[in-house]
Amino acid sequence: MMTPDEVRELVLAFPGAEEGTSYGQPSFKVNGKFFTRLRGEDQSLVLLDVGHDEREMLMEAAPATFHITPHYKDYPSVLARIESLHPGSLQNFLDRRWRKIAPKKLIKARDAGA
């Protein structure tokens, strides 16, 4: 449902989001902290702050979209294949992560509609 360019546009719409690279792939930070990364090897996005129970539920409910690799099994994260990821779902995951890492003044401004 999404292309890498659409993902990039959605991610960079968050205040303070900056693009860089990590492991040679597009990576995004907010306030110098990891926001998300696009994995070129499987066109998946790394989504953080997803607990193990939630991750298991997501992988069971939508295995074509959500998965992990052995590297991520011990981390509170899930991988989401962008070709089957709904933009609204991605927005929700990113908003949750953004609120954990963005400066309080950016959160207040965004919540106020500024």
# chains A, B, ... in the order shown; residues from 1 in each chain; ligands from 1

$ closest_atom_pairs --of "stretch 8-27 of chain A" --to "stretch 97-103 of chain A" --cutoff "12 Å" --atoms "only C-alpha atoms" --output "tab-separated table"
residue	atom	partner	partner_atom	distance
A:Val11	CA	A:Trp98	CA	9.7
A:Leu12	CA	A:Trp98	CA	11.2
A:Ala13	CA	A:Trp98	CA	11.2
A:Phe14	CA	A:Trp98	CA	7.7
A:Pro15	CA	A:Ala102	CA	8.2
A:Gly16	CA	A:Ala102	CA	7.4
A:Ala17	CA	A:Trp98	CA	8.8
A:Glu18	CA	A:Ala102	CA	11.7

$ write_last_selection --atoms "N, CA and C atoms" --output "PDB file, in the first residue's frame"
ATOM      1  N   VAL A  11       6.945  10.151   7.364  1.00  0.00           N
ATOM      2  CA  VAL A  11       7.880  10.251   8.494  1.00  0.00           C
ATOM      3  C   VAL A  11       8.372  11.682   8.658  1.00  0.00           C
ATOM      4  N   LEU A  12       8.748  12.312   7.554  1.00  0.00           N
ATOM      5  CA  LEU A  12       9.304  13.661   7.631  1.00  0.00           C
ATOM      6  C   LEU A  12       8.263  14.727   7.948  1.00  0.00           C
ATOM      7  N   ALA A  13       6.982  14.364   7.927  1.00  0.00           N
ATOM      8  CA  ALA A  13       5.932  15.306   8.319  1.00  0.00           C
ATOM      9  C   ALA A  13       5.899  15.521   9.829  1.00  0.00           C
ATOM     10  N   PHE A  14       6.545  14.641  10.587  1.00  0.00           N
ATOM     11  CA  PHE A  14       6.600  14.815  12.039  1.00  0.00           C
ATOM     12  C   PHE A  14       7.593  15.926  12.367  1.00  0.00           C
ATOM     13  N   PRO A  15       7.198  16.865  13.219  1.00  0.00           N
ATOM     14  CA  PRO A  15       8.100  17.958  13.586  1.00  0.00           C
ATOM     15  C   PRO A  15       9.427  17.437  14.143  1.00  0.00           C
ATOM     16  N   GLY A  16      10.500  17.991  13.639  1.00  0.00           N
ATOM     17  CA  GLY A  16      11.828  17.623  14.119  1.00  0.00           C
ATOM     18  C   GLY A  16      12.420  16.393  13.470  1.00  0.00           C
ATOM     19  N   ALA A  17      11.671  15.720  12.598  1.00  0.00           N
ATOM     20  CA  ALA A  17      12.190  14.506  11.946  1.00  0.00           C
ATOM     21  C   ALA A  17      13.256  14.877  10.927  1.00  0.00           C
ATOM     22  N   GLU A  18      14.349  14.132  10.952  1.00  0.00           N
ATOM     23  CA  GLU A  18      15.459  14.347  10.034  1.00  0.00           C
ATOM     24  C   GLU A  18      15.864  13.023   9.415  1.00  0.00           C
TER      25      GLU A  18
END

$ select_by_dssp --residues "chain A" --states "strand (DSSP E)" --output "PyMOL selection string"
chain A and resi 17-22+25-30+33-39+44-48+66-67+77-81

$ closest_residue --among "A:Arg8, A:Arg81, A:Lys29, A:Lys105" --to "A:Leu45" --atoms "only C-alpha atoms"
A:Arg81

$ closest_residue --among "A:Val7, A:Glu19, A:Lys104, A:Arg110" --to "A:Ala80" --atoms "only C-alpha atoms"
A:Val7

$ closest_residue --among "A:Asn92, A:Ser22, A:Asn31, A:Thr69" --to "A:Ser44" --atoms "only C-alpha atoms"
A:Thr69

$ select_by_dssp --residues "chain A" --states "alpha helix (DSSP H)" --output "PyMOL selection string"
chain A and resi 4-12+52-61+87-101+104-111

$ write_last_selection --atoms "N, CA and C atoms" --output "short mmCIF file (atom, residue, chain, number, x, y, z; two decimals), in the first residue's frame"
data_model
loop_
_atom_site.label_atom_id
_atom_site.label_comp_id
_atom_site.auth_asym_id
_atom_site.auth_seq_id
_atom_site.Cartn_x
_atom_site.Cartn_y
_atom_site.Cartn_z
N PRO A 4 8.42 3.53 -0.73
CA PRO A 4 9.43 4.18 0.12
C PRO A 4 9.29 5.71 0.14
N ASP A 5 8.94 6.31 -1.00
CA ASP A 5 8.77 7.77 -1.03
C ASP A 5 7.58 8.21 -0.18
N GLU A 6 6.50 7.44 -0.19
CA GLU A 6 5.34 7.78 0.65
C GLU A 6 5.68 7.64 2.13
N VAL A 7 6.45 6.60 2.47
CA VAL A 7 6.88 6.43 3.85
C VAL A 7 7.74 7.61 4.27
N ARG A 8 8.70 7.98 3.45
CA ARG A 8 9.59 9.10 3.73
C ARG A 8 8.77 10.38 3.97
N GLU A 9 7.80 10.64 3.12
CA GLU A 9 6.97 11.84 3.25
C GLU A 9 6.20 11.84 4.57
N LEU A 10 5.63 10.70 4.92
CA LEU A 10 4.87 10.60 6.17
C LEU A 10 5.78 10.79 7.38
N VAL A 11 6.95 10.15 7.36
CA VAL A 11 7.88 10.25 8.49
C VAL A 11 8.37 11.68 8.66
N LEU A 12 8.75 12.31 7.55
CA LEU A 12 9.30 13.66 7.63
C LEU A 12 8.26 14.73 7.95
N HIS A 52 6.36 -7.04 23.29
CA HIS A 52 6.34 -8.41 22.76
C HIS A 52 4.92 -8.94 22.59
N ASP A 53 4.02 -8.66 23.53
CA ASP A 53 2.64 -9.15 23.40
C ASP A 53 1.95 -8.51 22.20
N GLU A 54 2.11 -7.20 22.06
CA GLU A 54 1.51 -6.51 20.92
C GLU A 54 2.10 -7.03 19.61
N ARG A 55 3.41 -7.22 19.60
CA ARG A 55 4.08 -7.72 18.39
C ARG A 55 3.53 -9.08 17.99
N GLU A 56 3.39 -9.98 18.96
CA GLU A 56 2.85 -11.31 18.65
C GLU A 56 1.44 -11.21 18.08
N MET A 57 0.62 -10.33 18.66
CA MET A 57 -0.74 -10.14 18.17
C MET A 57 -0.72 -9.61 16.74
N LEU A 58 0.14 -8.64 16.46
CA LEU A 58 0.23 -8.08 15.11
C LEU A 58 0.67 -9.13 14.10
N MET A 59 1.68 -9.91 14.46
CA MET A 59 2.19 -10.93 13.53
C MET A 59 1.17 -12.03 13.29
N GLU A 60 0.37 -12.33 14.30
CA GLU A 60 -0.67 -13.34 14.13
C GLU A 60 -1.83 -12.80 13.29
N ALA A 61 -2.22 -11.56 13.54
CA ALA A 61 -3.36 -10.97 12.84
C ALA A 61 -3.04 -10.59 11.39
N PRO A 87 -1.32 3.38 5.58
CA PRO A 87 -0.76 4.64 6.06
C PRO A 87 -1.29 5.07 7.44
N GLY A 88 -2.56 4.81 7.72
CA GLY A 88 -3.11 5.17 9.03
C GLY A 88 -2.47 4.38 10.15
N SER A 89 -2.19 3.11 9.91
CA SER A 89 -1.51 2.30 10.92
C SER A 89 -0.10 2.82 11.15
N LEU A 90 0.60 3.13 10.06
CA LEU A 90 1.96 3.66 10.21
C LEU A 90 1.93 4.97 10.98
N GLN A 91 1.00 5.83 10.68
CA GLN A 91 0.87 7.10 11.39
C GLN A 91 0.74 6.86 12.89
N ASN A 92 -0.06 5.89 13.28
CA ASN A 92 -0.26 5.60 14.71
C ASN A 92 1.01 5.09 15.37
N PHE A 93 1.72 4.18 14.71
CA PHE A 93 2.98 3.67 15.27
C PHE A 93 4.00 4.79 15.41
N LEU A 94 4.11 5.61 14.37
CA LEU A 94 5.09 6.70 14.40
C LEU A 94 4.74 7.74 15.44
N ASP A 95 3.46 8.04 15.58
CA ASP A 95 3.05 9.03 16.58
C ASP A 95 3.44 8.57 17.98
N ARG A 96 3.24 7.31 18.26
CA ARG A 96 3.59 6.77 19.58
C ARG A 96 5.09 6.91 19.82
N ARG A 97 5.90 6.53 18.83
CA ARG A 97 7.35 6.64 18.98
C ARG A 97 7.78 8.11 19.08
N TRP A 98 7.22 8.97 18.23
CA TRP A 98 7.57 10.38 18.20
C TRP A 98 7.34 11.02 19.57
N ARG A 99 6.23 10.70 20.19
CA ARG A 99 5.91 11.29 21.50
C ARG A 99 6.90 10.86 22.58
N LYS A 100 7.58 9.75 22.40
CA LYS A 100 8.59 9.30 23.37
C LYS A 100 9.92 10.02 23.20
N ILE A 101 10.21 10.49 21.99
CA ILE A 101 11.55 11.03 21.74
C ILE A 101 11.58 12.51 21.39
N LYS A 104 9.54 18.21 24.47
CA LYS A 104 8.20 18.55 24.97
C LYS A 104 7.60 19.75 24.24
N LYS A 105 8.42 20.73 23.88
CA LYS A 105 7.89 21.92 23.19
C LYS A 105 7.33 21.56 21.82
N LEU A 106 7.93 20.59 21.13
CA LEU A 106 7.39 20.16 19.84
C LEU A 106 6.07 19.42 20.02
N ILE A 107 6.00 18.61 21.06
CA ILE A 107 4.76 17.88 21.33
C ILE A 107 3.63 18.86 21.65
N LYS A 108 3.92 19.83 22.51
CA LYS A 108 2.91 20.84 22.86
C LYS A 108 2.45 21.61 21.63
N ALA A 109 3.39 22.03 20.81
CA ALA A 109 3.05 22.79 19.61
C ALA A 109 2.20 21.97 18.65
N ARG A 110 2.56 20.72 18.47
CA ARG A 110 1.78 19.86 17.56
C ARG A 110 0.39 19.61 18.11
N ASP A 111 0.30 19.35 19.41
CA ASP A 111 -1.00 19.12 20.02
C ASP A 111 -1.89 20.35 19.96
#

$ closest_residue --among "A:Pro63, A:Gly32, A:Gly20, A:Gly40" --to "A:Val78" --atoms "only C-alpha atoms"
A:Pro63

$ residues_around --residues "A:Gln43" --least-positions-apart "3" --cutoff "12 Å" --atoms "only C-alpha atoms" --output "list in words"
Met1, Met2, Thr3, Pro4, Asp5, Val7, Gln25, Pro26, Arg37, Leu38, Arg39, Gly40, Val46, Thr65, Phe66, His67, Leu79, Ala80, Arg81, Ile82, Glu83, Ser84 and Leu85 of chain A

$ closest_residue --among "A:Leu48, A:Gly24, A:Ala64, A:His86" --to "A:Thr36" --atoms "only C-alpha atoms"
A:Leu48

$ atom_distance --atom1 "atom CA of A:Leu47" --atom2 "atom CA of A:Phe35"
8.1 Å
